[in-house]
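Next comes entry.txt, with compact mmCIF, C-alpha atoms.
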# COMPACT_ATOMS: atom_id res chain seq x y z
CA MET A 1 0.00 0.00 0.00
CA LYS A 2 1.74 3.14 -1.18
CA MET A 3 1.07 6.27 0.84
CA ARG A 4 2.11 9.84 0.26
CA LYS A 5 4.04 11.34 3.07
CA SER A 6 1.96 13.42 5.43
CA ALA A 7 3.01 15.66 8.29
CA ILE A 8 1.41 15.53 11.69
CA ALA A 9 1.23 18.43 14.13
CA SER A 10 0.40 17.33 17.67
CA LEU A 11 -1.48 19.76 19.85
CA ALA A 12 -1.60 17.78 23.06
CA ALA A 13 1.00 15.14 23.69
CA ILE A 14 1.58 13.90 27.16
CA THR A 15 5.21 14.81 27.61
CA MET A 16 7.45 15.94 24.84
CA LEU A 17 7.76 16.29 21.09
CA PHE A 18 5.65 13.93 19.03
CA ALA A 19 7.39 13.04 15.79
CA GLY A 20 9.09 16.40 15.65
CA ALA A 21 5.80 18.20 15.14
CA ALA A 22 3.82 20.72 17.12
CA THR A 23 3.06 19.34 20.54
CA ALA A 24 1.36 20.34 23.70
CA HIS A 25 2.06 19.02 27.14
CA ALA A 26 -1.00 18.06 29.13
CA ASP A 27 -0.18 17.67 32.79
CA ASN A 28 -3.70 17.08 34.00
CA GLY A 29 -4.57 17.29 37.64
CA PRO A 30 -8.04 16.97 39.13
CA GLU A 31 -8.86 20.60 38.32
CA ASP A 32 -6.65 21.89 35.53
CA ALA A 33 -4.35 20.95 32.67
CA THR A 34 -1.19 22.54 31.34
CA LEU A 35 -0.93 23.05 27.61
CA THR A 36 2.34 23.87 25.83
CA LEU A 37 2.71 24.27 22.06
CA THR A 38 5.85 23.87 19.98
CA ALA A 39 6.61 24.40 16.29
CA ALA A 40 4.91 22.24 13.65
CA GLU A 41 6.21 20.63 10.46
CA GLY A 42 4.04 21.02 7.39
CA GLY A 43 2.11 23.94 8.77
CA SER A 44 1.40 25.95 11.89
CA VAL A 45 -1.16 25.52 14.62
CA GLU A 46 -2.65 27.66 17.33
CA ILE A 47 -5.10 27.15 20.15
CA CYS A 48 -7.53 29.83 21.29
CA ILE A 49 -9.58 30.45 24.43
CA ASP A 50 -12.21 33.05 23.62
CA GLU A 51 -10.23 35.77 21.84
CA ASP A 52 -6.85 34.81 23.28
CA CYS A 53 -4.81 32.67 20.88
CA TYR A 54 -1.53 30.93 21.65
CA PRO A 55 0.71 29.90 18.74
CA ALA A 56 3.60 27.47 18.89
CA ASP A 57 6.47 28.16 21.29
CA GLU A 58 4.31 30.08 23.75
CA GLU A 59 4.85 29.40 27.43
CA ALA A 60 2.66 26.82 29.13
CA LYS A 61 -0.93 27.81 29.84
CA VAL A 62 -3.10 26.41 32.61
CA ILE A 63 -6.48 25.39 31.20
CA GLU A 64 -9.36 24.03 33.25
CA PRO A 65 -10.97 20.83 31.93
CA GLY A 66 -14.25 21.57 30.21
CA THR A 67 -12.98 24.86 28.78
CA GLU A 68 -14.02 25.43 25.18
CA LEU A 69 -10.96 25.55 22.93
CA ARG A 70 -10.56 26.48 19.29
CA VAL A 71 -7.76 24.82 17.31
CA GLU A 72 -6.77 26.02 13.88
CA ALA A 73 -4.20 24.66 11.47
CA THR A 74 -2.53 26.72 8.76
CA PRO A 75 -0.75 24.50 6.22
CA ASP A 76 2.41 25.57 4.44
CA GLU A 77 2.19 26.66 0.81
CA ASP A 78 2.66 23.15 -0.59
CA MET A 79 0.52 21.39 2.01
CA LEU A 80 -3.18 20.91 2.71
CA PHE A 81 -5.02 20.31 5.98
CA VAL A 82 -6.77 16.92 6.01
CA THR A 83 -8.14 16.16 9.45
CA TRP A 84 -7.44 16.12 13.17
CA TYR A 85 -5.88 13.05 14.73
CA VAL A 86 -7.39 12.34 18.17
CA THR A 87 -6.57 9.72 20.80
CA ALA A 88 -9.15 10.68 23.43
CA ASP A 89 -12.92 10.90 23.53
CA VAL A 90 -12.94 14.58 22.61
CA GLU A 91 -16.28 16.39 22.62
CA TRP A 92 -16.51 18.51 19.46
CA VAL A 93 -18.78 21.54 19.80
CA ASN A 94 -20.20 24.45 17.73
CA ASP A 95 -21.18 22.10 14.90
CA THR A 96 -17.56 21.20 14.16
CA THR A 97 -16.14 17.73 13.60
CA ILE A 98 -12.81 15.98 13.38
CA GLU A 99 -12.48 17.28 9.80
CA SER A 100 -13.31 20.92 10.58
CA ASN A 101 -10.70 23.66 10.49
CA PRO A 102 -10.95 25.54 12.72
CA ALA A 103 -12.51 23.09 15.15
CA TYR A 104 -13.89 23.52 18.65
CA PHE A 105 -13.73 21.02 21.49
CA LEU A 106 -13.85 20.90 25.27
CA MET A 107 -10.60 20.45 27.15
CA PRO A 108 -10.57 16.84 28.43
CA ASP A 109 -9.40 15.89 31.89
CA ASP A 110 -7.34 12.89 30.88
CA GLN A 111 -4.20 12.31 28.84
CA PHE A 112 -4.76 12.85 25.16
CA ILE A 113 -3.31 13.82 21.80
CA VAL A 114 -4.97 16.02 19.21
CA ALA A 115 -3.00 16.48 16.01
CA ALA A 116 -3.38 18.34 12.73
CA VAL A 117 -2.70 16.17 9.69
CA PHE A 118 -1.31 17.83 6.58
CA THR A 119 -0.74 16.24 3.19
CA GLU A 120 1.47 17.26 0.29
CA ILE A 121 0.07 18.82 -2.89
CA ASP A 122 1.33 16.91 -5.91
CA GLU A 123 2.72 18.38 -9.13
CA ASP A 124 -0.78 18.71 -10.62
CA GLY A 125 -1.98 20.73 -7.67
CA GLU A 126 -4.06 17.90 -6.29
CA ASP A 127 -3.86 16.76 -2.70
CA GLY A 128 -1.99 13.55 -2.12
CA TYR A 129 -3.22 10.59 -0.13
CA ALA A 130 -3.09 11.08 3.61
CA TRP A 131 -4.14 8.40 6.05
CA VAL A 132 -7.07 9.29 8.28
CA CYS A 133 -7.85 7.34 11.43
CA PRO A 134 -11.22 5.55 11.09
CA THR A 135 -13.70 6.60 13.74
CA ASP A 136 -16.62 4.36 12.79
CA ASP A 137 -15.02 0.94 12.47
CA ALA A 138 -12.09 -1.12 13.78
CA THR A 139 -9.94 -3.75 12.09
CA PHE A 140 -9.38 -5.82 15.22
CA GLU A 141 -12.10 -6.84 17.64
CA ASP A 142 -9.86 -6.29 20.67
CA VAL A 143 -8.89 -2.72 19.62
CA PRO A 144 -12.21 -0.91 19.24
CA VAL A 145 -12.63 2.74 18.31
CA GLY A 146 -11.60 4.84 21.31
CA ALA A 147 -9.20 2.24 22.71
CA ALA A 148 -5.67 3.24 23.59
CA PHE A 149 -3.54 3.36 20.44
CA HIS A 150 -6.52 2.55 18.22
CA CYS A 151 -5.34 5.00 15.56
CA GLU A 152 -1.74 3.80 15.61
CA ILE A 153 -2.80 0.16 15.37
CA GLU A 154 -5.23 0.96 12.54
CA TRP A 155 -2.38 2.69 10.70
CA LEU A 156 -0.18 -0.37 11.24
CA ALA A 157 -2.88 -2.60 9.75
CA GLN A 158 -3.82 -0.37 6.83
CA THR A 159 -0.21 0.06 5.75
CA GLY A 160 0.20 -3.70 5.70
CA ILE A 161 2.82 -3.78 8.45
CA THR A 162 0.65 -6.00 10.63
CA THR A 163 -2.03 -8.53 9.84
CA GLY A 164 -2.97 -9.63 13.32
CA TRP A 165 -4.04 -13.13 14.28
CA GLU A 166 -6.36 -15.38 12.33
CA ASP A 167 -9.06 -14.96 15.00
CA GLY A 168 -9.37 -11.27 14.16
CA THR A 169 -7.45 -9.99 17.18
CA PHE A 170 -4.34 -7.85 17.52
CA ARG A 171 -3.55 -8.73 21.16
CA PRO A 172 -2.21 -5.24 21.95
CA VAL A 173 -0.78 -5.89 25.41
CA LEU A 174 1.26 -8.96 24.46
CA ASN A 175 4.98 -8.43 24.09
CA ILE A 176 6.15 -8.62 20.49
CA GLU A 177 8.52 -11.38 19.48
CA ARG A 178 11.83 -10.69 17.79
CA GLN A 179 10.78 -12.49 14.62
CA ALA A 180 7.54 -10.48 14.48
CA MET A 181 9.56 -7.31 14.84
CA ALA A 182 11.63 -8.42 11.87
CA ALA A 183 8.41 -8.85 9.89
CA PHE A 184 7.13 -5.41 10.93
CA LEU A 185 10.28 -3.64 9.78
CA TYR A 186 10.52 -5.69 6.61
CA ARG A 187 6.97 -4.81 5.61
CA GLY A 188 7.57 -1.17 6.39
CA LEU A 189 10.98 -0.68 4.77
CA ALA A 190 11.89 -3.42 2.30
CA GLU A 191 11.59 -2.89 -1.44
CA ALA A 192 9.34 -5.51 -2.97
CA GLY A 193 11.06 -8.32 -4.85
CA VAL A 194 14.61 -7.10 -4.26
CA PHE A 195 16.04 -9.02 -1.32
CA ALA A 196 16.93 -12.68 -1.87
CA ALA A 197 17.51 -14.67 1.29
CA PRO A 198 20.58 -16.92 1.37
CA GLU A 199 20.24 -20.67 1.05
CA GLU A 200 21.85 -21.12 4.44
CA GLY A 201 20.73 -19.08 7.40
CA THR A 202 22.82 -16.49 9.22
CA PHE A 203 21.61 -17.70 12.61
CA THR A 204 21.76 -21.25 13.92
CA ASP A 205 18.21 -21.10 15.32
CA LYS A 206 16.48 -19.67 12.22
CA LEU A 207 16.34 -22.18 9.37
CA PRO A 208 15.25 -21.59 5.75
CA THR A 209 12.10 -23.62 6.41
CA ASP A 210 11.04 -21.43 9.36
CA TYR A 211 8.41 -18.72 9.27
CA PHE A 212 9.94 -15.25 8.99
CA PHE A 213 13.28 -16.67 7.79
CA HIS A 214 13.21 -14.25 4.86
CA GLN A 215 12.43 -11.27 7.10
CA VAL A 216 15.03 -12.14 9.72
CA GLU A 217 17.69 -12.57 7.02
CA TRP A 218 16.72 -9.18 5.56
CA LEU A 219 17.07 -7.65 9.02
CA ALA A 220 20.58 -9.06 9.34
CA ASP A 221 21.58 -8.15 5.78
CA SER A 222 20.39 -4.57 6.38
CA GLY A 223 22.58 -4.28 9.46
CA ILE A 224 19.60 -3.70 11.73
CA THR A 225 20.30 -6.80 13.80
CA THR A 226 23.52 -8.56 14.72
CA GLY A 227 22.23 -11.45 16.79
CA TRP A 228 23.93 -12.89 19.83
CA ASP A 229 27.58 -13.82 20.18
CA ASP A 230 26.64 -17.51 20.09
CA GLY A 231 25.27 -17.15 16.56
CA THR A 232 21.60 -17.24 17.49
CA PHE A 233 18.75 -14.84 16.81
CA ARG A 234 16.31 -16.16 19.44
CA PRO A 235 13.24 -15.43 17.33
CA LEU A 236 10.62 -16.30 19.93
CA TYR A 237 12.04 -14.07 22.64
CA SER A 238 10.34 -10.79 23.45
CA ILE A 239 12.16 -7.72 22.19
CA GLU A 240 13.58 -5.48 24.87
CA ARG A 241 12.99 -1.76 24.81
CA GLN A 242 16.69 -0.97 24.50
CA ALA A 243 17.01 -3.33 21.53
CA MET A 244 14.00 -1.67 19.94
CA ALA A 245 15.76 1.65 20.23
CA ALA A 246 18.80 0.22 18.49
CA PHE A 247 16.69 -1.37 15.75
CA LEU A 248 14.92 1.87 14.92
CA PHE A 249 18.13 3.89 15.10
CA ARG A 250 19.83 1.53 12.64
CA ALA A 251 16.73 1.34 10.45
CA ALA A 252 16.85 5.14 10.25
CA GLY A 253 20.39 4.91 8.87
CA GLU A 254 22.18 5.69 12.13
CA PRO A 255 21.52 9.43 11.76
CA GLU A 256 24.01 11.95 13.06
CA PHE A 257 22.95 12.74 16.59
CA GLU A 258 24.83 14.23 19.52
CA ALA A 259 23.57 12.76 22.77
CA PRO A 260 23.23 15.11 25.76
CA GLU A 261 25.86 15.14 28.46
CA GLU A 262 23.24 14.42 31.11
CA PRO A 263 20.94 11.40 30.69
CA THR A 264 17.21 11.91 30.18
CA PHE A 265 16.16 8.75 31.98
CA SER A 266 17.25 7.78 35.48
CA ASP A 267 17.81 4.13 34.46
CA VAL A 268 19.81 4.81 31.26
CA PRO A 269 23.15 6.38 32.31
CA VAL A 270 25.66 7.73 29.81
CA THR A 271 27.63 4.49 30.20
CA ASP A 272 24.70 2.38 28.98
CA PRO A 273 25.55 0.61 25.70
CA PHE A 274 22.31 1.94 24.18
CA PHE A 275 22.48 5.44 25.63
CA LEU A 276 22.84 7.10 22.22
CA GLU A 277 19.98 5.19 20.59
CA ILE A 278 17.59 5.72 23.51
CA GLU A 279 18.36 9.44 23.70
CA TRP A 280 17.77 9.67 19.94
CA MET A 281 14.36 8.08 20.36
CA TYR A 282 13.52 10.58 23.07
CA TYR A 283 14.70 13.68 21.24
CA THR A 284 12.87 12.69 18.04
CA GLY A 285 9.67 12.22 20.02
CA ILE A 286 9.36 8.54 19.13
CA THR A 287 9.36 7.68 22.81
CA THR A 288 8.66 9.67 25.94
CA GLY A 289 9.52 7.24 28.71
CA PHE A 290 7.44 6.52 31.77
CA ASP A 291 5.97 9.02 34.20
CA ASP A 292 8.60 8.12 36.81
CA ASN A 293 11.36 9.33 34.44
CA THR A 294 12.49 5.81 33.56
CA PHE A 295 12.84 4.10 30.20
CA ARG A 296 12.94 0.51 31.54
CA PRO A 297 15.38 -0.70 28.89
CA LEU A 298 15.22 -4.39 29.78
CA GLU A 299 11.44 -4.67 29.70
CA GLY A 300 9.67 -6.14 26.70
CA VAL A 301 7.71 -4.07 24.21
CA GLU A 302 3.98 -4.45 23.91
CA ARG A 303 2.48 -4.75 20.43
CA GLN A 304 0.41 -1.60 20.94
CA ALA A 305 3.53 0.32 21.94
CA MET A 306 5.33 -0.92 18.89
CA ALA A 307 2.48 0.41 16.78
CA ALA A 308 2.92 3.83 18.37
CA PHE A 309 6.68 3.81 17.88
CA LEU A 310 6.47 2.86 14.22
CA PHE A 311 3.67 5.32 13.57
CA ARG A 312 5.73 8.17 14.99
CA ALA A 313 8.93 7.07 13.29
CA PHE A 314 7.34 6.85 9.84
CA THR A 315 5.01 9.83 9.99
CA GLY A 316 7.74 11.93 11.56
CA GLY A 317 10.04 11.22 8.62
CA TYR A 318 12.65 9.30 10.62
CA LEU A 319 12.01 6.07 8.70
CA ASP A 320 11.77 6.15 4.91
CA ASP A 321 8.19 5.51 3.76
CA ALA A 322 9.06 5.06 0.06
CA ASN A 323 8.41 1.30 0.27
CA LEU A 324 5.80 1.39 3.03
CA GLY A 325 3.67 -1.73 2.74
CA MET A 326 5.06 -2.66 -0.70
CA ALA A 327 6.69 -5.90 0.48
CA GLY A 328 3.77 -6.99 2.61
CA ASP A 329 2.58 -9.71 0.24
CA GLU A 330 5.98 -11.39 0.44
CA ALA A 331 5.62 -11.92 4.17
CA PRO A 332 3.58 -14.66 5.86
CA ALA A 333 -0.04 -13.65 6.26
CA ASP A 334 0.33 -13.29 9.97
CA ASP A 335 2.55 -11.55 12.49
CA GLU A 336 3.25 -14.18 15.08
CA ASP A 337 -0.10 -15.94 14.96
CA ASP A 338 1.45 -18.88 13.16
CA GLU A 339 3.48 -19.68 16.21
CA ASP A 340 1.85 -21.33 19.20
CA THR A 341 4.37 -19.88 21.60
CA ASP A 342 4.59 -17.73 24.67
CA PRO A 343 5.35 -14.17 23.52
CA ASN A 344 6.22 -13.08 27.03
CA LEU A 345 9.62 -14.74 27.29
CA ASP A 346 12.28 -12.48 28.72
CA ASP A 347 15.42 -11.67 26.77
CA ASP A 348 18.76 -12.67 28.23
CA ASP A 349 20.97 -9.86 29.46
CA ASP A 350 23.87 -11.02 27.35
CA ASP A 351 22.19 -9.84 24.16
CA ASP A 352 22.13 -6.26 25.32
CA GLU A 353 25.41 -5.30 23.74
CA THR A 354 25.17 -7.47 20.66
CA ASP A 355 21.58 -7.78 19.52
CA PRO A 356 19.23 -4.89 20.04
CA ASP A 357 16.32 -6.34 18.12
CA VAL A 358 13.62 -5.78 20.63
CA ASP A 359 10.36 -3.92 20.21
CA ASP A 360 9.09 -0.98 22.23
CA GLU A 361 6.00 -0.49 24.32
CA ALA A 362 3.34 2.08 23.86
CA ASP A 363 2.34 2.37 27.46
CA ASP A 364 5.30 4.60 28.11
CA ASP A 365 3.85 7.45 26.09
In structure tokens, what does this structure look like?
Amino acid sequence: MKMRKSAIASLAAITMLFAGAATAHADNGPEDATLTLTAAEGGSVEICIDEDCYPADEEAKVIEPGTELRVEATPDEDMLFVTWYVTADVEWVNDTTIESNPAYFLMPDDQFIVAAVFTEIDEDGEDGYAWVCPTDDATFEDVPVGAAFHCEIEWLAQTGITTGWEDGTFRPVLNIERQAMAAFLYRGLAEAGVFAAPEEGTFTDKLPTDYFFHQVEWLADSGITTGWDDGTFRPLYSIERQAMAAFLFRAAGEPEFEAPEEPTFSDVPVTDPFFLEIEWMYYTGITTGFDDNTFRPLEGVERQAMAAFLFRAFTGGYLDDANLGMAGDEAPADDEDDEDTDPNLDDDDDDDETDPDVDDEADDD
């Protein structure tokens, strides 16, 4: 499924930048919420209370839940506004909807994201295709409309990166296996019909007759994974969060990035072997960490979190979307549903410095 690149401008993320776009920080207490805007990519946004409007880069404002807000997006010259992206049960008012610009809604009292979606105008002056989160239907029965990460998981399904299980479920809170992560990245990044897997496998525990052999070999050939020192890939293990950071960093081409002198997370010191990759994820807005200022690098990554990470990485322009979904038909018709295994196995510590192929969670955002 080929998609034109779109830009997303977040107006209310929970902590910091979302995919490098305009974000707002909502620190909601029982009586008020703090809203902070930053600069957008693809256009500009502002939020208004009565006649007072606050553009990007304004200082934080304290807004009481239930306050009527007006949000307005102004696309750049070569962009068009498409819709708002919403992750909470926002109450639209004044006869406006999710596709209105400007739009009016009441400030919620829980954590939420509202984003402006812009799409490129092609050479003929027509608007390109931009993905819009479905609000009237759901692909998976266990991720209904309004569920946490519903939009991110729908995007993952509609781009062909995930297929879910044969029973129609996505199983969002299960940890993702390393082989499933290989399939996700392959479907998102690989050029259709180009990679030819070797006759003999790179890893001793992933044979040519195994599911996801092709995808795991592509992952190794691309330099995204290195495996363990003992020559194994450990395909059925859950991916650790620190390995996920390394996977995405390598998949992005190991971009030039200068890590801060002081660590962002209390459990990822500057001496951590994945300090650079984790800080990159934070500063790009792909991850935010947990509310207690930890990253929890050794924990597994839930499937719903992986959906959020990939959504932000692709829509933020950190992963190349030129082949997005194009190689999907070459992959098995399932993610990990073909394997009757326990996807909650913990990864051994000894892979931390050699194989960072672990997926990330969404519950940290």
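Proximity ranking of A:Gly285, A:Pro208, A:Gly317, A:Pro172 relative to A:Leu156 places A:Pro172 first, based on all atoms listed in the file.
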Practice task
Name all residues at most 10 Å from stretch 270-278 of chain A (count all atoms listed in the file; drop same-chain ones fewer than 6 positions away) and give them as JSON, numbers by chain.
Solution key: {"A": [241, 242, 243, 244, 245, 246, 247, 248, 249, 250, 254, 255, 257, 258, 259, 260, 261, 262, 263, 264, 286, 287, 289, 295, 297, 352, 353, 354, 356]}
Problem - Atomic separation - atom CA of A:Ile161 relative to atom CA of A:Arg187, Å - result: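 Rounded to one decimal, the two atoms are 5.1 Å apart.
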Exercise for the section: Can you pull out every residue within 9 Å of A:Arg234, counting all atoms listed in the file, but drop anything in the same chain fewer than 3 positions away, and send it as a list of chain:residue names? Expected result: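 Using all atoms listed in the file, the neighbours found are A:Arg178, A:Gln179, A:Phe203, A:Asp205, A:Lys206, A:Gly227, A:Trp228, A:Tyr237, A:Ser238, A:Asp347.
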Practice task
Go through A:Asp109, A:Asp230, A:Glu141, A:Asp321 one by one, measure the shortest atom-to-atom distance of each to A:Trp165 using only C-alpha atoms, and give the residue with the smallest value.
Solution key: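 Residue with the minimum atom-to-atom distance to A:Trp165: A:Glu141.
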Exercise for the section: Kindly give the distance, in Å, that separates atom CA of A:Gln158 and atom CA of A:Tyr318, rounded to a single decimal. Expected result: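 Separation of atom CA of A:Gln158 and atom CA of A:Tyr318: 19.5 Å.
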Exercise for the section: Figure out the distance between atom CA of A:Asp291 and atom CA of A:Ser266, please, to one decimal in Å. Expected result: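 Going from atom CA of A:Ser266 over to atom CA of A:Asp291 covers 11.4 Å.
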Fill in the blank from the handout: Across A:Ile153, A:Thr162, A:Arg70, A:Ala307, the smallest distance to A:Glu51, with all atoms listed in the file counted, is shown by A:Arg70
Handout entry: Pick from A:Thr97, A:Gln215, A:Thr288, A:Thr139 nearest to A:Gly164, counting only C-alpha atoms
Key =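 Once distances to A:Gly164 are computed over only C-alpha atoms, the minimum belongs to A:Thr139.
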Problem - Which of A:Val45, A:Val82, A:Ile176, A:Ala103 sits closest to A:Glu68 [using all atoms listed in the file] - result: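 The closest residue to A:Glu68 is A:Ala103.
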Problem - Non-local contacts of A:Gly168 (12 Å; all atoms listed in the file; under 5 positions in same chain excluded) as a ChimeraX atom specification - result: /A:138-144,157,162-163,334,337
Could you work out an axis-aligned bounding box for all listed atoms of stretch 190-206 of chain A, with 6 Å added on each of the six sides, and give its centre and edge lengths in Å to one decimal, as lines of an AutoDock Vina configuration file?
center_x = 16.1
center_y = -12.1
center_z = 5.2
size_x = 25.5
size_y = 30.4
size_z = 32.2
